[in-house]
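Beneath this line is the structure, given in structure tokens, with notes to follow.
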Amino acid sequence: MNFPFGQTRTRVAARHALIAPDGHVKSNLPGVTGAASVVLINPAMGANFTQTLLTFDADGRLELPGTGIETAGYVETGGASVMIGRERAMCEAGGFFFVPAGEAWSIAAPQAGTRVTLFQKRFVPLPGLPAPSPLIGHAADIEGQAFLGDPDARLQVLLPDVPGFDLAMNIFTYQSGATLPFVETHIMEHGLLMLSGQGVYRLEDSWYPVAAGDVIWMAPYCPQWFVAMGKQPASYLYYKDVNRAAI
């Protein structure tokens with residue numbers, strides 16, 4: 001969709017942002033070839049993580065060494081081969097993966113147009129617990145749970161909900177008219193990708209119409225609330241930091 005005369009739905013505030021697809025600008029990223037790379041959220045805007053969208057050509061590839069950065073990834077469309085250390089698997093649309101800090105990894109042999117969202121942060125180890133292991137799975141294998149007892153708002157927890165992980169990646173699906181049950185205000189920071197449908201997201205005291213392809217950043221303690229609207233269910237993928245609150 002084109003917005004004439006300098007218009008856009010994108011809004012960037014001090015503690016939240018809505019990034020609409022009409023404003024995407026490509027970046028060249030180390031280790032990525034044959035792909036359009038769009039950095040949507042990162043510390044330059046005040047976030048403590050990075051959210052990146054990669055759209056691969058048929059000959060595209062990502063190859064990164066092991067560092068102190070961990071990665072959670074989700075294949076939105078298409079498919080590709082994901083290798084983490086010695087573990088390799090094909091990830092089709094709906095596939096997801098987790099790359100622990102210190103593991104070399106790659107994405108290869110993508111279908112043309114494959115779209116992958118990456119959430120990346122520096123790993124914070126927890127004394128006495130082993131570091132997380134590599135993981136490759138598919139969202140279709142994760143049963144959605146009724147959120148706080150509401151069967152019209154279902155949550156799929158993609159990564160293990162255990163103390164060793166310091167990040168989470170989930171999918172939230174709402175039937176039309178379903179909402180978050182209250183305005184949430186919490187320590188966790190969010191990065192979010194609308195996967196399908198549409199609705200309205202409240203961020204602090206602003207209300208934003210959102211649809212598939214939109215990205216949202218929420219700083220810690222940013223009040224947030226969502227209602228799904230339209231004839232189809234609405235679904236979004238989101239990141240949050242977990243299990244490491246400082247005292």
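Residues in the structure tokens are named by chain (A, B, ... in the order shown) and by number from 1 within that chain; ligands are numbered from 1 in the order shown.
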Write out, as a Markdown table, each residue of segment 119-198 of chain A that has an atom at most 10 Å from segment 226-229 of chain A, together with the closest pair of atoms and their distance in Å to one decimal, counting only C-alpha atoms, rows going by chain and rising number.
| residue | atom | partner | partner_atom | distance |
| --- | --- | --- | --- | --- |
| A:Ala153 | CA | A:Ala228 | CA | 9.6 |
| A:Thr173 | CA | A:Ala228 | CA | 9.0 |
| A:Tyr174 | CA | A:Ala228 | CA | 6.1 |
| A:Gln175 | CA | A:Ala228 | CA | 6.7 |
| A:Ser176 | CA | A:Ala228 | CA | 5.1 |
| A:Gly177 | CA | A:Ala228 | CA | 5.2 |
| A:Ala178 | CA | A:Ala228 | CA | 5.7 |
| A:Thr179 | CA | A:Val227 | CA | 4.3 |
| A:Leu180 | CA | A:Phe226 | CA | 5.6 |
| A:Pro181 | CA | A:Phe226 | CA | 8.8 |
| A:Phe182 | CA | A:Phe226 | CA | 9.0 |
| A:Val183 | CA | A:Phe226 | CA | 8.4 |
| A:Glu184 | CA | A:Phe226 | CA | 9.8 |
| A:Gly197 | CA | A:Ala228 | CA | 7.7 |
| A:Gln198 | CA | A:Met229 | CA | 5.8 |
Kindly assemble as a Markdown table a list of the segment 93-182 of chain A residues that lie within 12 Å of segment 19-38 of chain A, each paired with its nearest atom pair and their distance in Å to one decimal, using only C-alpha atoms, sorted first by chain and then by ascending residue number.
| residue | atom | partner | partner_atom | distance |
| --- | --- | --- | --- | --- |
| A:Ala104 | CA | A:Gly31 | CA | 11.3 |
| A:Trp105 | CA | A:Gly31 | CA | 10.3 |
| A:Ser106 | CA | A:Gly31 | CA | 9.0 |
| A:Ile107 | CA | A:Val32 | CA | 9.2 |
| A:Ala108 | CA | A:Thr33 | CA | 10.3 |
| A:Ala109 | CA | A:Gly34 | CA | 10.8 |
| A:Pro110 | CA | A:Ala35 | CA | 9.9 |
| A:Gln111 | CA | A:Ala35 | CA | 11.3 |
| A:Ala112 | CA | A:Ala35 | CA | 9.5 |
| A:Gly113 | CA | A:Ala35 | CA | 8.9 |
| A:Thr114 | CA | A:Ala35 | CA | 9.2 |
| A:Arg115 | CA | A:Ala35 | CA | 9.3 |
| A:Val116 | CA | A:Ser37 | CA | 9.8 |
| A:Thr117 | CA | A:Val38 | CA | 9.7 |
| A:Leu118 | CA | A:Val38 | CA | 10.5 |
- Query: What are the DSSP helix (DSSP H, G or I) residues of segment 19-124 of chain A, as JSON, numbers by chain?
  - Reply: {"A": [21, 22, 23, 43, 44, 45]}
- Query: What is the atom CA of Gly213 of chain A to atom CA of Pro43 of chain A distance in Å?
  - Reply: 21.2 Å
Return as a Markdown table the residues of segment 73-117 of chain A lying at most 9 Å from segment 128-149 of chain A, together with the closest atom-to-atom pair for each and the distance in Å to one decimal, counting only C-alpha atoms, with rows in chain order and ascending residue number.
| residue | atom | partner | partner_atom | distance |
| --- | --- | --- | --- | --- |
| A:Val82 | CA | A:Ile136 | CA | 8.1 |
| A:Ile84 | CA | A:Pro134 | CA | 6.5 |
| A:Gly85 | CA | A:Pro134 | CA | 8.0 |
| A:Glu87 | CA | A:Pro134 | CA | 7.7 |
| A:Arg88 | CA | A:Ile136 | CA | 8.3 |
| A:Ala89 | CA | A:Ile136 | CA | 7.1 |
| A:Met90 | CA | A:Ile136 | CA | 8.9 |
| A:Cys91 | CA | A:His138 | CA | 7.6 |
| A:Glu92 | CA | A:His138 | CA | 8.1 |
| A:Ala93 | CA | A:His138 | CA | 8.4 |
| A:Gly94 | CA | A:Ala139 | CA | 5.4 |
| A:Gly95 | CA | A:His138 | CA | 4.1 |
| A:Phe96 | CA | A:Gly137 | CA | 5.4 |
| A:Phe97 | CA | A:Ile136 | CA | 4.3 |
| A:Phe98 | CA | A:Leu135 | CA | 5.0 |
| A:Val99 | CA | A:Pro134 | CA | 5.4 |
| A:Pro100 | CA | A:Pro134 | CA | 6.0 |
| A:Ala101 | CA | A:Ala131 | CA | 8.4 |
| A:Glu103 | CA | A:Pro134 | CA | 8.3 |
Selection from above, C-alpha atoms, as a short mmCIF file (atom, residue, chain, number, x, y, z; two decimals), in the first residue's frame, can you write it?
data_model
loop_
_atom_site.label_atom_id
_atom_site.label_comp_id
_atom_site.auth_asym_id
_atom_site.auth_seq_id
_atom_site.Cartn_x
_atom_site.Cartn_y
_atom_site.Cartn_z
CA VAL A 82 18.69 -24.45 9.30
CA ILE A 84 22.90 -25.08 14.45
CA GLY A 85 26.21 -26.63 15.40
CA GLU A 87 21.99 -30.15 14.18
CA ARG A 88 20.30 -29.60 10.82
CA ALA A 89 16.65 -29.60 9.75
CA MET A 90 14.35 -28.16 7.09
CA CYS A 91 12.21 -25.35 8.45
CA GLU A 92 9.02 -24.74 6.46
CA ALA A 93 6.52 -21.93 7.11
CA GLY A 94 5.65 -22.09 10.80
CA GLY A 95 9.03 -23.55 11.68
CA PHE A 96 11.06 -22.05 14.49
CA PHE A 97 14.53 -22.45 15.95
CA PHE A 98 16.74 -21.41 18.84
CA VAL A 99 20.48 -20.79 18.55
CA PRO A 100 22.32 -20.73 21.91
CA ALA A 101 25.14 -18.28 22.49
CA GLU A 103 26.98 -21.92 18.54
#
- Query: Contacts of Met45 of chain A at 9 Å or less, counting only C-alpha atoms, minus same-chain residues fewer than 4 places along, as a PyMOL selection string?
  - Reply: chain A and resi 12-15+17+41
- Query: Which of segment 22-231 of chain A counts as strand (DSSP E or B) under DSSP, as JSON, numbers by chain please?
  - Reply: {"A": [27, 32, 33, 34, 35, 36, 37, 38, 39, 40, 41, 50, 51, 52, 53, 54, 55, 56, 57, 58, 59, 60, 61, 62, 63, 64, 69, 70, 71, 72, 73, 74, 75, 76, 77, 79, 80, 81, 82, 83, 84, 87, 88, 89, 90, 91, 92, 95, 96, 97, 98, 99, 105, 106, 107, 108, 115, 116, 117, 118, 119, 120, 121, 122, 135, 136, 137, 138, 145, 146, 147, 150, 151, 152, 153, 154, 155, 156, 157, 167, 168, 169, 170, 171, 172, 173, 174, 179, 184, 190, 191, 192, 193, 194, 195, 196, 198, 199, 200, 201, 202, 203, 206, 207, 208, 209, 210, 211, 215, 216, 217, 218, 224, 225, 226, 227, 228, 229]}
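The smallest atom-to-atom distance between Val242 of chain A and any of A:Leu203, A:Ile69, A:Ile187, A:Met83, using only C-alpha atoms, is found for A:Ile187.
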- Query: Counting only C-alpha atoms, what is within 6 Å of Glu204 of chain A, bar same-chain residues fewer than 2 positions away, as number ranges by chain?
  - Reply: A: 206, 222-223
Would you write out those residues with N, CA and C atoms, as a PDB file, in the first residue's frame?
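Below is the file selection-v5.pdb, written as the result:
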ATOM      1  N   SER A 206      -1.691   5.563  23.508  1.00  0.00           N
ATOM      2  CA  SER A 206      -1.976   5.627  22.077  1.00  0.00           C
ATOM      3  C   SER A 206      -2.618   4.324  21.613  1.00  0.00           C
ATOM      4  N   CYS A 222       5.754  -0.607  29.555  1.00  0.00           N
ATOM      5  CA  CYS A 222       4.853   0.071  28.620  1.00  0.00           C
ATOM      6  C   CYS A 222       3.475  -0.571  28.741  1.00  0.00           C
ATOM      7  N   PRO A 223       2.431   0.156  29.189  1.00  0.00           N
ATOM      8  CA  PRO A 223       1.087  -0.427  29.246  1.00  0.00           C
ATOM      9  C   PRO A 223       0.648  -0.889  27.855  1.00  0.00           C
TER      10      PRO A 223
END
- Query: Neighbours of Phe49 of chain A within 8 Å (only C-alpha atoms; same-chain residues fewer than 5 positions away dropped), as a PyMOL selection string?
  - Reply: chain A and resi 41-43+119-122
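Distances to Gly102 of chain A were evaluated for A:Pro65, A:Pro4, A:Gly164, A:Gly78 using only C-alpha atoms, and the minimum falls at A:Pro65.
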- For segment 231-241 of chain A, please output as a PyMOL selection string all residues within 8 Å (counting only C-alpha atoms; exclusion window: fewer than 5 positions along the same chain). chain A and resi 119+166-176+188-199
File dump, residues just selected, C-alpha atoms, as a short mmCIF file (atom, residue, chain, number, x, y, z; two decimals), in the first residue's frame:
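again.cif, freshly written:
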data_model
loop_
_atom_site.label_atom_id
_atom_site.label_comp_id
_atom_site.auth_asym_id
_atom_site.auth_seq_id
_atom_site.Cartn_x
_atom_site.Cartn_y
_atom_site.Cartn_z
CA PHE A 119 15.07 -12.03 17.73
CA ASP A 166 16.45 -15.86 29.30
CA LEU A 167 14.13 -15.22 26.36
CA ALA A 168 10.74 -16.50 25.22
CA MET A 169 9.13 -16.64 21.77
CA ASN A 170 5.37 -17.25 21.62
CA ILE A 171 2.43 -17.08 19.20
CA PHE A 172 -0.84 -15.53 20.40
CA THR A 173 -4.00 -16.19 18.37
CA TYR A 174 -7.30 -14.39 19.01
CA GLN A 175 -10.74 -15.06 17.60
CA SER A 176 -12.41 -11.91 16.28
CA MET A 188 9.34 -7.82 30.20
CA GLU A 189 10.23 -6.04 26.96
CA HIS A 190 8.47 -7.12 23.76
CA GLY A 191 9.17 -7.34 20.06
CA LEU A 192 6.10 -8.35 18.05
CA LEU A 193 5.22 -9.31 14.47
CA MET A 194 1.60 -9.41 13.31
CA LEU A 195 1.30 -12.71 11.42
CA SER A 196 -2.32 -12.54 10.28
CA GLY A 197 -5.60 -10.71 10.78
CA GLN A 198 -6.03 -7.26 12.21
CA GLY A 199 -6.96 -5.41 15.36
#
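One distance worth recording is that between atom CA of Leu53 of chain A and atom CA of Ala211 of chain A, which is 16.4 Å.
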